[in-house]
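Source file: upload-v2.pdb. Holds: PDB, C-alpha atoms and all ligand atoms.
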```pdb
MODEL        1
ATOM      1  CA  MET N   1      95.175 127.735 132.987  1.00  0.00           C
ATOM      2  CA  GLU N   2      94.805 124.353 134.757  1.00  0.00           C
ATOM      3  CA  MET N   3      97.952 122.281 135.179  1.00  0.00           C
ATOM      4  CA  HIS N   4      96.879 119.582 132.702  1.00  0.00           C
ATOM      5  CA  GLU N   5      96.117 122.280 130.106  1.00  0.00           C
ATOM      6  CA  ARG N   6      99.539 123.836 130.630  1.00  0.00           C
ATOM      7  CA  GLN N   7     101.162 120.435 130.305  1.00  0.00           C
ATOM      8  CA  ALA N   8      99.288 119.765 127.044  1.00  0.00           C
ATOM      9  CA  ALA N   9     100.051 123.230 125.654  1.00  0.00           C
ATOM     10  CA  LEU N  10     103.744 122.856 126.470  1.00  0.00           C
ATOM     11  CA  ALA N  11     103.895 119.393 124.896  1.00  0.00           C
ATOM     12  CA  ALA N  12     102.185 120.763 121.764  1.00  0.00           C
ATOM     13  CA  LEU N  13     104.672 123.637 121.627  1.00  0.00           C
ATOM     14  CA  GLU N  14     107.610 121.241 121.995  1.00  0.00           C
ATOM     15  CA  ALA N  15     106.219 119.130 119.117  1.00  0.00           C
ATOM     16  CA  GLU N  16     105.814 122.257 116.985  1.00  0.00           C
ATOM     17  CA  ILE N  17     109.449 123.190 117.624  1.00  0.00           C
ATOM     18  CA  ARG N  18     110.615 119.693 116.651  1.00  0.00           C
ATOM     19  CA  HIS N  19     109.061 120.214 113.207  1.00  0.00           C
ATOM     20  CA  CYS N  20     110.000 123.867 112.758  1.00  0.00           C
ATOM     21  CA  THR N  21     111.330 125.086 109.404  1.00  0.00           C
ATOM     22  CA  ARG N  22     111.348 128.848 110.160  1.00  0.00           C
ATOM     23  CA  CYS N  23     115.061 129.298 109.528  1.00  0.00           C
ATOM     24  CA  PRO N  24     117.775 127.485 107.556  1.00  0.00           C
ATOM     25  CA  LEU N  25     119.130 125.711 110.659  1.00  0.00           C
ATOM     26  CA  HIS N  26     116.442 123.053 110.212  1.00  0.00           C
ATOM     27  CA  ARG N  27     118.335 121.761 107.165  1.00  0.00           C
ATOM     28  CA  SER N  28     121.546 120.945 109.023  1.00  0.00           C
ATOM     29  CA  ARG N  29     120.077 119.729 112.300  1.00  0.00           C
ATOM     30  CA  THR N  30     119.687 116.080 113.340  1.00  0.00           C
ATOM     31  CA  ASN N  31     117.098 116.985 115.979  1.00  0.00           C
ATOM     32  CA  ALA N  32     115.584 120.234 117.104  1.00  0.00           C
ATOM     33  CA  VAL N  33     115.946 120.711 120.863  1.00  0.00           C
ATOM     34  CA  PRO N  34     112.774 122.329 122.224  1.00  0.00           C
ATOM     35  CA  GLY N  35     113.632 122.091 125.905  1.00  0.00           C
ATOM     36  CA  GLU N  36     112.332 119.989 128.754  1.00  0.00           C
ATOM     37  CA  GLY N  37     111.025 120.156 132.272  1.00  0.00           C
ATOM     38  CA  PRO N  38     107.820 120.410 134.279  1.00  0.00           C
ATOM     39  CA  PRO N  39     105.188 122.979 133.251  1.00  0.00           C
ATOM     40  CA  ASP N  40     105.223 124.466 136.759  1.00  0.00           C
ATOM     41  CA  ALA N  41     109.013 124.694 137.130  1.00  0.00           C
ATOM     42  CA  PRO N  42     110.046 127.478 139.541  1.00  0.00           C
ATOM     43  CA  VAL N  43     113.207 128.164 137.519  1.00  0.00           C
ATOM     44  CA  LEU N  44     113.595 128.385 133.744  1.00  0.00           C
ATOM     45  CA  PHE N  45     117.177 128.095 132.489  1.00  0.00           C
ATOM     46  CA  ILE N  46     117.972 129.481 129.062  1.00  0.00           C
ATOM     47  CA  GLY N  47     121.211 128.599 127.277  1.00  0.00           C
ATOM     48  CA  GLU N  48     122.483 129.633 123.870  1.00  0.00           C
ATOM     49  CA  ALA N  49     121.914 126.852 121.346  1.00  0.00           C
ATOM     50  CA  PRO N  50     122.248 123.075 121.137  1.00  0.00           C
ATOM     51  CA  GLY N  51     125.710 121.624 120.586  1.00  0.00           C
ATOM     52  CA  ALA N  52     126.647 118.299 118.979  1.00  0.00           C
ATOM     53  CA  ASN N  53     125.400 116.115 121.866  1.00  0.00           C
ATOM     54  CA  GLU N  54     122.130 117.989 122.142  1.00  0.00           C
ATOM     55  CA  ASP N  55     121.570 117.821 118.371  1.00  0.00           C
ATOM     56  CA  ARG N  56     122.141 114.072 118.425  1.00  0.00           C
ATOM     57  CA  LEU N  57     119.788 113.400 121.345  1.00  0.00           C
ATOM     58  CA  GLY N  58     117.215 116.185 120.907  1.00  0.00           C
ATOM     59  CA  ARG N  59     117.665 117.194 124.568  1.00  0.00           C
ATOM     60  CA  PRO N  60     119.212 120.356 126.047  1.00  0.00           C
ATOM     61  CA  PHE N  61     122.449 120.426 128.049  1.00  0.00           C
ATOM     62  CA  VAL N  62     123.416 116.762 127.836  1.00  0.00           C
ATOM     63  CA  GLY N  63     127.168 117.277 127.252  1.00  0.00           C
ATOM     64  CA  PRO N  64     129.908 118.623 129.548  1.00  0.00           C
ATOM     65  CA  ALA N  65     128.112 121.966 130.068  1.00  0.00           C
ATOM     66  CA  GLY N  66     125.037 119.991 131.128  1.00  0.00           C
ATOM     67  CA  GLU N  67     127.084 118.000 133.624  1.00  0.00           C
ATOM     68  CA  LEU N  68     128.245 121.203 135.251  1.00  0.00           C
ATOM     69  CA  LEU N  69     124.692 122.563 135.250  1.00  0.00           C
ATOM     70  CA  GLU N  70     123.503 119.399 137.002  1.00  0.00           C
ATOM     71  CA  ALA N  71     126.305 119.643 139.564  1.00  0.00           C
ATOM     72  CA  MET N  72     125.272 123.238 140.273  1.00  0.00           C
ATOM     73  CA  LEU N  73     121.627 122.206 140.668  1.00  0.00           C
ATOM     74  CA  GLU N  74     122.709 119.526 143.122  1.00  0.00           C
ATOM     75  CA  ARG N  75     124.483 122.165 145.244  1.00  0.00           C
ATOM     76  CA  VAL N  76     121.105 123.756 145.895  1.00  0.00           C
ATOM     77  CA  GLY N  77     119.167 120.521 146.379  1.00  0.00           C
ATOM     78  CA  LEU N  78     117.628 120.367 142.905  1.00  0.00           C
ATOM     79  CA  ILE N  79     117.751 117.873 140.057  1.00  0.00           C
ATOM     80  CA  ARG N  80     117.213 118.667 136.398  1.00  0.00           C
ATOM     81  CA  ASP N  81     113.655 117.278 136.487  1.00  0.00           C
ATOM     82  CA  ASP N  82     112.752 120.089 138.908  1.00  0.00           C
ATOM     83  CA  VAL N  83     113.535 122.868 136.421  1.00  0.00           C
ATOM     84  CA  TYR N  84     112.770 123.774 132.821  1.00  0.00           C
ATOM     85  CA  ILE N  85     115.813 123.951 130.540  1.00  0.00           C
ATOM     86  CA  THR N  86     115.849 125.417 127.048  1.00  0.00           C
ATOM     87  CA  ASN N  87     117.904 127.576 124.679  1.00  0.00           C
ATOM     88  CA  VAL N  88     117.536 130.846 122.794  1.00  0.00           C
ATOM     89  CA  VAL N  89     117.940 128.946 119.516  1.00  0.00           C
ATOM     90  CA  LYS N  90     116.464 125.464 119.295  1.00  0.00           C
ATOM     91  CA  CYS N  91     118.607 124.005 116.491  1.00  0.00           C
ATOM     92  CA  ARG N  92     122.379 123.560 116.417  1.00  0.00           C
ATOM     93  CA  PRO N  93     124.304 126.191 114.477  1.00  0.00           C
ATOM     94  CA  PRO N  94     126.790 124.339 112.252  1.00  0.00           C
ATOM     95  CA  GLY N  95     130.187 123.927 113.890  1.00  0.00           C
ATOM     96  CA  ASN N  96     128.765 125.495 117.077  1.00  0.00           C
ATOM     97  CA  ARG N  97     129.143 128.994 115.646  1.00  0.00           C
ATOM     98  CA  ASP N  98     127.293 131.843 117.369  1.00  0.00           C
ATOM     99  CA  PRO N  99     123.600 132.012 116.457  1.00  0.00           C
ATOM    100  CA  LEU N 100     122.816 134.673 113.836  1.00  0.00           C
ATOM    101  CA  PRO N 101     120.381 137.527 114.547  1.00  0.00           C
ATOM    102  CA  GLU N 102     117.840 136.112 112.079  1.00  0.00           C
ATOM    103  CA  GLU N 103     118.023 132.675 113.753  1.00  0.00           C
ATOM    104  CA  ILE N 104     117.448 134.252 117.173  1.00  0.00           C
ATOM    105  CA  LYS N 105     114.548 136.235 115.722  1.00  0.00           C
ATOM    106  CA  ALA N 106     112.947 133.163 114.144  1.00  0.00           C
ATOM    107  CA  CYS N 107     113.077 131.295 117.470  1.00  0.00           C
ATOM    108  CA  LYS N 108     112.018 134.237 119.668  1.00  0.00           C
ATOM    109  CA  PRO N 109     108.261 133.489 119.668  1.00  0.00           C
ATOM    110  CA  PHE N 110     108.969 129.931 120.872  1.00  0.00           C
ATOM    111  CA  LEU N 111     110.940 131.222 123.851  1.00  0.00           C
ATOM    112  CA  ALA N 112     108.223 133.769 124.620  1.00  0.00           C
ATOM    113  CA  ARG N 113     105.573 131.020 124.627  1.00  0.00           C
ATOM    114  CA  GLN N 114     107.705 128.807 126.868  1.00  0.00           C
ATOM    115  CA  VAL N 115     108.133 131.646 129.368  1.00  0.00           C
ATOM    116  CA  ARG N 116     104.387 132.343 129.328  1.00  0.00           C
ATOM    117  CA  LEU N 117     103.406 128.690 129.793  1.00  0.00           C
ATOM    118  CA  VAL N 118     105.963 127.753 132.453  1.00  0.00           C
ATOM    119  CA  ALA N 119     105.543 131.135 134.192  1.00  0.00           C
ATOM    120  CA  PRO N 120     108.592 130.546 136.407  1.00  0.00           C
ATOM    121  CA  GLU N 121     109.425 132.554 139.510  1.00  0.00           C
ATOM    122  CA  VAL N 122     112.985 133.029 138.247  1.00  0.00           C
ATOM    123  CA  ILE N 123     114.498 132.998 134.763  1.00  0.00           C
ATOM    124  CA  VAL N 124     118.225 132.222 134.740  1.00  0.00           C
ATOM    125  CA  THR N 125     119.962 133.285 131.563  1.00  0.00           C
ATOM    126  CA  LEU N 126     123.141 131.325 130.891  1.00  0.00           C
ATOM    127  CA  GLY N 127     125.633 133.386 128.922  1.00  0.00           C
ATOM    128  CA  ARG N 128     125.420 136.385 126.677  1.00  0.00           C
ATOM    129  CA  PHE N 129     122.829 135.393 124.087  1.00  0.00           C
ATOM    130  CA  ALA N 130     120.113 134.584 126.627  1.00  0.00           C
ATOM    131  CA  MET N 131     121.004 137.644 128.737  1.00  0.00           C
ATOM    132  CA  GLU N 132     120.579 139.926 125.703  1.00  0.00           C
ATOM    133  CA  ARG N 133     116.904 138.976 125.412  1.00  0.00           C
ATOM    134  CA  TRP N 134     116.184 140.841 128.700  1.00  0.00           C
ATOM    135  CA  LEU N 135     119.296 142.881 129.418  1.00  0.00           C
ATOM    136  CA  PRO N 136     120.769 144.103 126.159  1.00  0.00           C
ATOM    137  CA  ASN N 137     124.127 145.871 126.172  1.00  0.00           C
ATOM    138  CA  ARG N 138     125.143 144.565 129.589  1.00  0.00           C
ATOM    139  CA  ARG N 139     128.368 142.810 130.413  1.00  0.00           C
ATOM    140  CA  ILE N 140     127.977 139.415 131.992  1.00  0.00           C
ATOM    141  CA  THR N 141     131.079 139.988 134.144  1.00  0.00           C
ATOM    142  CA  ARG N 142     129.342 143.012 135.717  1.00  0.00           C
ATOM    143  CA  VAL N 143     125.776 141.809 136.095  1.00  0.00           C
ATOM    144  CA  HIS N 144     126.091 138.068 136.757  1.00  0.00           C
ATOM    145  CA  GLY N 145     124.158 136.941 139.818  1.00  0.00           C
ATOM    146  CA  ARG N 146     122.147 140.182 140.123  1.00  0.00           C
ATOM    147  CA  ALA N 147     118.356 139.941 140.266  1.00  0.00           C
ATOM    148  CA  PHE N 148     116.416 142.056 137.767  1.00  0.00           C
ATOM    149  CA  ARG N 149     112.681 142.412 138.193  1.00  0.00           C
ATOM    150  CA  PHE N 150     110.443 142.026 135.147  1.00  0.00           C
ATOM    151  CA  GLY N 151     106.830 142.291 136.280  1.00  0.00           C
ATOM    152  CA  SER N 152     106.323 139.670 138.993  1.00  0.00           C
ATOM    153  CA  ARG N 153     109.388 137.596 138.154  1.00  0.00           C
ATOM    154  CA  LEU N 154     113.129 137.866 138.384  1.00  0.00           C
ATOM    155  CA  VAL N 155     115.683 137.482 135.628  1.00  0.00           C
ATOM    156  CA  VAL N 156     119.104 136.472 136.936  1.00  0.00           C
ATOM    157  CA  PRO N 157     121.950 136.486 134.411  1.00  0.00           C
ATOM    158  CA  MET N 158     124.657 133.896 135.033  1.00  0.00           C
ATOM    159  CA  PHE N 159     127.773 132.722 133.250  1.00  0.00           C
ATOM    160  CA  HIS N 160     127.315 130.034 130.643  1.00  0.00           C
ATOM    161  CA  PRO N 161     128.492 126.718 132.150  1.00  0.00           C
ATOM    162  CA  ALA N 162     130.724 126.104 129.112  1.00  0.00           C
ATOM    163  CA  ALA N 163     132.423 129.444 129.843  1.00  0.00           C
ATOM    164  CA  ALA N 164     132.846 128.474 133.512  1.00  0.00           C
ATOM    165  CA  LEU N 165     134.487 125.253 132.326  1.00  0.00           C
ATOM    166  CA  ARG N 166     136.847 127.180 130.034  1.00  0.00           C
ATOM    167  CA  ARG N 167     137.719 129.808 132.654  1.00  0.00           C
ATOM    168  CA  PRO N 168     138.209 128.154 136.048  1.00  0.00           C
ATOM    169  CA  GLU N 169     138.452 131.568 137.716  1.00  0.00           C
ATOM    170  CA  TRP N 170     134.739 132.035 136.946  1.00  0.00           C
ATOM    171  CA  LEU N 171     133.703 128.780 138.590  1.00  0.00           C
ATOM    172  CA  PRO N 172     133.502 130.096 142.200  1.00  0.00           C
ATOM    173  CA  LEU N 173     131.459 133.074 140.956  1.00  0.00           C
ATOM    174  CA  PHE N 174     129.116 130.744 139.081  1.00  0.00           C
ATOM    175  CA  GLN N 175     128.728 128.657 142.259  1.00  0.00           C
ATOM    176  CA  GLU N 176     127.985 131.721 144.393  1.00  0.00           C
ATOM    177  CA  ASP N 177     125.347 132.907 141.926  1.00  0.00           C
ATOM    178  CA  PHE N 178     123.745 129.490 141.940  1.00  0.00           C
ATOM    179  CA  ASP N 179     123.727 129.275 145.722  1.00  0.00           C
ATOM    180  CA  ARG N 180     121.428 132.314 145.889  1.00  0.00           C
ATOM    181  CA  LEU N 181     118.784 130.746 143.650  1.00  0.00           C
ATOM    182  CA  PRO N 182     116.574 129.030 146.296  1.00  0.00           C
ATOM    183  CA  ALA N 183     116.342 132.255 148.321  1.00  0.00           C
ATOM    184  CA  LEU N 184     115.342 134.165 145.179  1.00  0.00           C
ATOM    185  CA  VAL N 185     112.617 131.635 144.318  1.00  0.00           C
ATOM    186  CA  ASP N 186     111.271 131.808 147.896  1.00  0.00           C
ATOM    187  CA  ALA N 187     111.350 135.597 147.799  1.00  0.00           C
ATOM    188  CA  VAL N 188     109.341 135.727 144.565  1.00  0.00           C
ATOM    189  CA  ARG N 189     106.745 133.321 146.021  1.00  0.00           C
ATOM    190  CA  LEU N 190     106.377 135.509 149.088  1.00  0.00           C
ATOM    191  CA  TRP N 191     106.238 138.628 146.971  1.00  0.00           C
ATOM    192  CA  ARG N 192     103.479 137.163 144.766  1.00  0.00           C
ATOM    193  CA  GLN N 193     101.479 136.217 147.895  1.00  0.00           C
ATOM    194  CA  GLN N 194     101.913 139.569 149.607  1.00  0.00           C
ATOM    195  CA  ASN N 195     102.026 141.689 146.492  1.00  0.00           C
ATOM    196  CA  ARG N 196     105.184 143.487 147.591  1.00  0.00           C
ATOM    197  CA  VAL N 197     108.892 142.836 147.279  1.00  0.00           C
ATOM    198  CA  PRO N 198     110.072 141.261 150.573  1.00  0.00           C
ATOM    199  CA  ALA N 199     112.385 143.315 152.773  1.00  0.00           C
ATOM    200  CA  GLY N 200     115.987 142.293 152.280  1.00  0.00           C
ATOM    201  CA  LEU N 201     115.566 141.293 148.641  1.00  0.00           C
ATOM    202  CA  HIS N 202     117.713 143.481 146.458  1.00  0.00           C
ATOM    203  CA  VAL N 203     116.275 143.725 142.968  1.00  0.00           C
ATOM    204  CA  GLU N 204     116.568 146.149 140.087  1.00  0.00           C
ATOM    205  CA  THR N 205     113.376 146.912 138.196  1.00  0.00           C
ATOM    206  CA  VAL N 206     113.467 146.821 134.428  1.00  0.00           C
ATOM    207  CA  GLU N 207     110.781 147.806 131.993  1.00  0.00           C
ATOM    208  CA  GLU N 208     111.638 146.029 128.797  1.00  0.00           C
ATOM    209  CA  GLY N 209     113.648 148.320 126.550  1.00  0.00           C
ATOM    210  CA  LYS N 210     114.475 150.776 129.369  1.00  0.00           C
ATOM    211  CA  PRO N 211     117.519 151.019 131.647  1.00  0.00           C
ATOM    212  CA  PRO N 212     116.982 149.600 135.163  1.00  0.00           C
ATOM    213  CA  ALA N 213     116.171 151.667 138.235  1.00  0.00           C
ATOM    214  CA  GLN N 214     117.734 150.758 141.576  1.00  0.00           C
ATOM    215  CA  LEU N 215     115.356 149.515 144.241  1.00  0.00           C
ATOM    216  CA  ASN N 216     116.149 149.836 147.904  1.00  0.00           C
ATOM    217  CA  LEU N 217     115.607 147.039 150.404  1.00  0.00           C
ATOM    218  CA  PHE N 218     111.906 147.798 150.552  1.00  0.00           C
ATOM    219  CA  GLY N 219     111.348 147.597 146.850  1.00  0.00           C
ATOM    220  CA  GLN N 220     110.977 151.346 146.432  1.00  0.00           C
ATOM    221  CA  GLU N 221     112.809 153.152 143.676  1.00  0.00           C
ATOM    222  CA  GLU N 222     115.716 155.190 144.985  1.00  0.00           C
TER     223      GLU N 222
HETATM  224  N1  LIG D 301     125.136 124.828 125.408  1.00  0.00           N
HETATM  225  C1  LIG D 301     123.970 125.488 125.316  1.00  0.00           C
HETATM  226  O1  LIG D 301     123.918 126.706 125.315  1.00  0.00           O
HETATM  227  N2  LIG D 301     122.868 124.786 125.243  1.00  0.00           N
HETATM  228  C2  LIG D 301     122.849 123.463 125.270  1.00  0.00           C
HETATM  229  O2  LIG D 301     121.775 122.888 125.212  1.00  0.00           O
HETATM  230  C3  LIG D 301     124.091 122.808 125.397  1.00  0.00           C
HETATM  231  C4  LIG D 301     125.218 123.503 125.449  1.00  0.00           C
ENDMDL
END
```
Take the structure from the file and write it as structure tokens.
Amino acid sequence: MEMHERQAALAALEAEIRHCTRCPLHRSRTNAVPGEGPPDAPVLFIGEAPGANEDRLGRPFVGPAGELLEAMLERVGLIRDDVYITNVVKCRPPGNRDPLPEEIKACKPFLARQVRLVAPEVIVTLGRFAMERWLPNRRITRVHGRAFRFGSRLVVPMFHPAAALRRPEWLPLFQEDFDRLPALVDAVRLWRQQNRVPAGLHVETVEEGKPPAQLNLFGQEE
């Protein structure tokens, strides 16, 4: 798809999300929060659900968690306009409660379409709810910062920035995970060009719904 077609398709999808009535959250929201960023973003960040600030402004990660996310992006020479940022659930759950399974299910096709249109090199899941979409039944404390291969892209689970704010002992880990991002994006670009996983890149291959296999340095299953 040409870039202008992708841009138009993404804008149409974002408009569709703003008017969505697929689950009861549309009744309590001020604004739906589709997500934002360039259609060719190399990294797609996925959070949990909008909070009060996001609901008010209709934009993702604009409160304290967003400030930390922006500070992390700055560490690796990026600004938020360089990346696509969205959430598993596009409308605020009342009182910031956890999203319900039926709300996640109602929003799932939107996330799938965003992933397909943006086609990022790396998907970063922020927190448990986004991680569960690709890596169910994992513990974030065990898998954070690891690169999991899904087809020709990587999924890298990271702590949710709000959790890193609540638990200062996680902050250095969150920073370390972030610092590896540019190398992972470069590695995926190289791998797409050469059609093989670059030497030195440690990834674990996952077929959706199956447990991961370990890959050695050369991308071969061990
Ligand atoms: N937390 C999230 O998970 N998403 C947002 O957009 C803001 C805070």
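For the residues N:Phe148, N:Phe110, N:Trp134, N:Phe159, ranking by smallest atom-to-atom distance to ligand LIG 301 (chain D) using all atoms listed in the file places N:Phe159 first.
When the PyMOL selection byres (((chain N and resi 132) around 12) and not hetatm) is run on the displayed coordinates, the residues it returns are Ile46, Gly47, Glu48, Val88, Pro101, Ile104, Lys108, Thr125, Leu126, Gly127, Arg128, Phe129, Ala130, Met131, Arg133, Trp134, Leu135, Pro136, Asn137, Arg138, Arg139, Ile140, Val143, Val155, Val156, Pro157, Met158, Glu208 and Gly209 of chain N.
Taking atom CA of Phe61 of chain N as the reference point, atom CA of Val124 of chain N is found at 14.2 Å.
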Please write as a PyMOL selection string the full residue list that the PyMOL selection byres (((chain N and resi 149) around 8) and not hetatm) yields on this file. chain N and resi 147-148+150-155+203-206
Write out as a list of chain:residue names each polymer residue whose atoms come within 8 Å of segment 72-80 of chain N, counting all atoms listed in the file; drop sequence neighbours fewer than 6 positions from it.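 Near segment 72-80 of chain N, the qualifying residues are N:Gly37, N:Gln175, N:Phe178, N:Asp179, N:Leu181, N:Pro182.
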Draw an axis-aligned box tight on the listed atoms of ligand LIG 301 (chain D), then pad every side by 4 Å and write out centre and edge lengths in Å to one decimal as AutoDock Vina command-line options.
```
--center_x 123.5 --center_y 124.8 --center_z 125.3 --size_x 11.4 --size_y 11.9 --size_z 8.2
```
Contacts to ligand LIG 301 (chain D) at 7 Å cut-off (all atoms listed in the file) as number ranges by chain: N: 47-51, 54, 60-63, 65-66, 86-87, 162
Is it possible to add N, CA and C atoms to segment 34-52 of chain N and hand it back as an mmCIF file, in the coordinates of the input?
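File result-v6.cif, as written:
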```cif
data_model
loop_
_atom_site.group_PDB
_atom_site.id
_atom_site.type_symbol
_atom_site.label_atom_id
_atom_site.label_comp_id
_atom_site.auth_asym_id
_atom_site.auth_seq_id
_atom_site.Cartn_x
_atom_site.Cartn_y
_atom_site.Cartn_z
ATOM 1 N N PRO N 34 113.737 121.341 121.713
ATOM 2 C CA PRO N 34 112.774 122.329 122.224
ATOM 3 C C PRO N 34 113.051 122.772 123.652
ATOM 4 N N GLY N 35 113.493 121.825 124.473
ATOM 5 C CA GLY N 35 113.632 122.091 125.905
ATOM 6 C C GLY N 35 112.844 121.052 126.655
ATOM 7 N N GLU N 36 113.052 120.993 127.973
ATOM 8 C CA GLU N 36 112.332 119.989 128.754
ATOM 9 C C GLU N 36 112.245 120.402 130.211
ATOM 10 N N GLY N 37 111.204 119.871 130.857
ATOM 11 C CA GLY N 37 111.025 120.156 132.272
ATOM 12 C C GLY N 37 109.558 120.250 132.594
ATOM 13 N N PRO N 38 109.229 120.357 133.882
ATOM 14 C CA PRO N 38 107.820 120.410 134.279
ATOM 15 C C PRO N 38 107.169 121.751 133.925
ATOM 16 N N PRO N 39 105.871 121.742 133.648
ATOM 17 C CA PRO N 39 105.188 122.979 133.251
ATOM 18 C C PRO N 39 105.063 123.983 134.388
ATOM 19 N N ASP N 40 105.309 123.528 135.628
ATOM 20 C CA ASP N 40 105.223 124.466 136.759
ATOM 21 C C ASP N 40 106.597 124.666 137.403
ATOM 22 N N ALA N 41 107.656 124.555 136.591
ATOM 23 C CA ALA N 41 109.013 124.694 137.130
ATOM 24 C C ALA N 41 109.206 126.082 137.745
ATOM 25 N N PRO N 42 109.811 126.169 138.934
ATOM 26 C CA PRO N 42 110.046 127.478 139.541
ATOM 27 C C PRO N 42 111.175 128.259 138.864
ATOM 28 N N VAL N 43 112.065 127.509 138.185
ATOM 29 C CA VAL N 43 113.207 128.164 137.519
ATOM 30 C C VAL N 43 113.264 127.702 136.070
ATOM 31 N N LEU N 44 113.430 128.670 135.173
ATOM 32 C CA LEU N 44 113.595 128.385 133.744
ATOM 33 C C LEU N 44 115.019 128.786 133.364
ATOM 34 N N PHE N 45 115.805 127.820 132.929
ATOM 35 C CA PHE N 45 117.177 128.095 132.489
ATOM 36 C C PHE N 45 117.200 128.240 130.975
ATOM 37 N N ILE N 46 117.898 129.264 130.502
ATOM 38 C CA ILE N 46 117.972 129.481 129.062
ATOM 39 C C ILE N 46 119.435 129.564 128.632
ATOM 40 N N GLY N 47 119.850 128.604 127.828
ATOM 41 C CA GLY N 47 121.211 128.599 127.277
ATOM 42 C C GLY N 47 121.241 129.265 125.915
ATOM 43 N N GLU N 48 122.271 128.961 125.160
ATOM 44 C CA GLU N 48 122.483 129.633 123.870
ATOM 45 C C GLU N 48 121.841 128.834 122.725
ATOM 46 N N ALA N 49 122.379 127.676 122.458
ATOM 47 C CA ALA N 49 121.914 126.852 121.346
ATOM 48 C C ALA N 49 122.424 125.434 121.564
ATOM 49 N N PRO N 50 121.763 124.444 120.970
ATOM 50 C CA PRO N 50 122.248 123.075 121.137
ATOM 51 C C PRO N 50 123.646 122.915 120.544
ATOM 52 N N GLY N 51 124.429 122.032 121.158
ATOM 53 C CA GLY N 51 125.710 121.624 120.586
ATOM 54 C C GLY N 51 125.555 120.255 119.945
ATOM 55 N N ALA N 52 126.689 119.588 119.692
ATOM 56 C CA ALA N 52 126.647 118.299 118.979
ATOM 57 C C ALA N 52 125.865 117.235 119.755
#
```
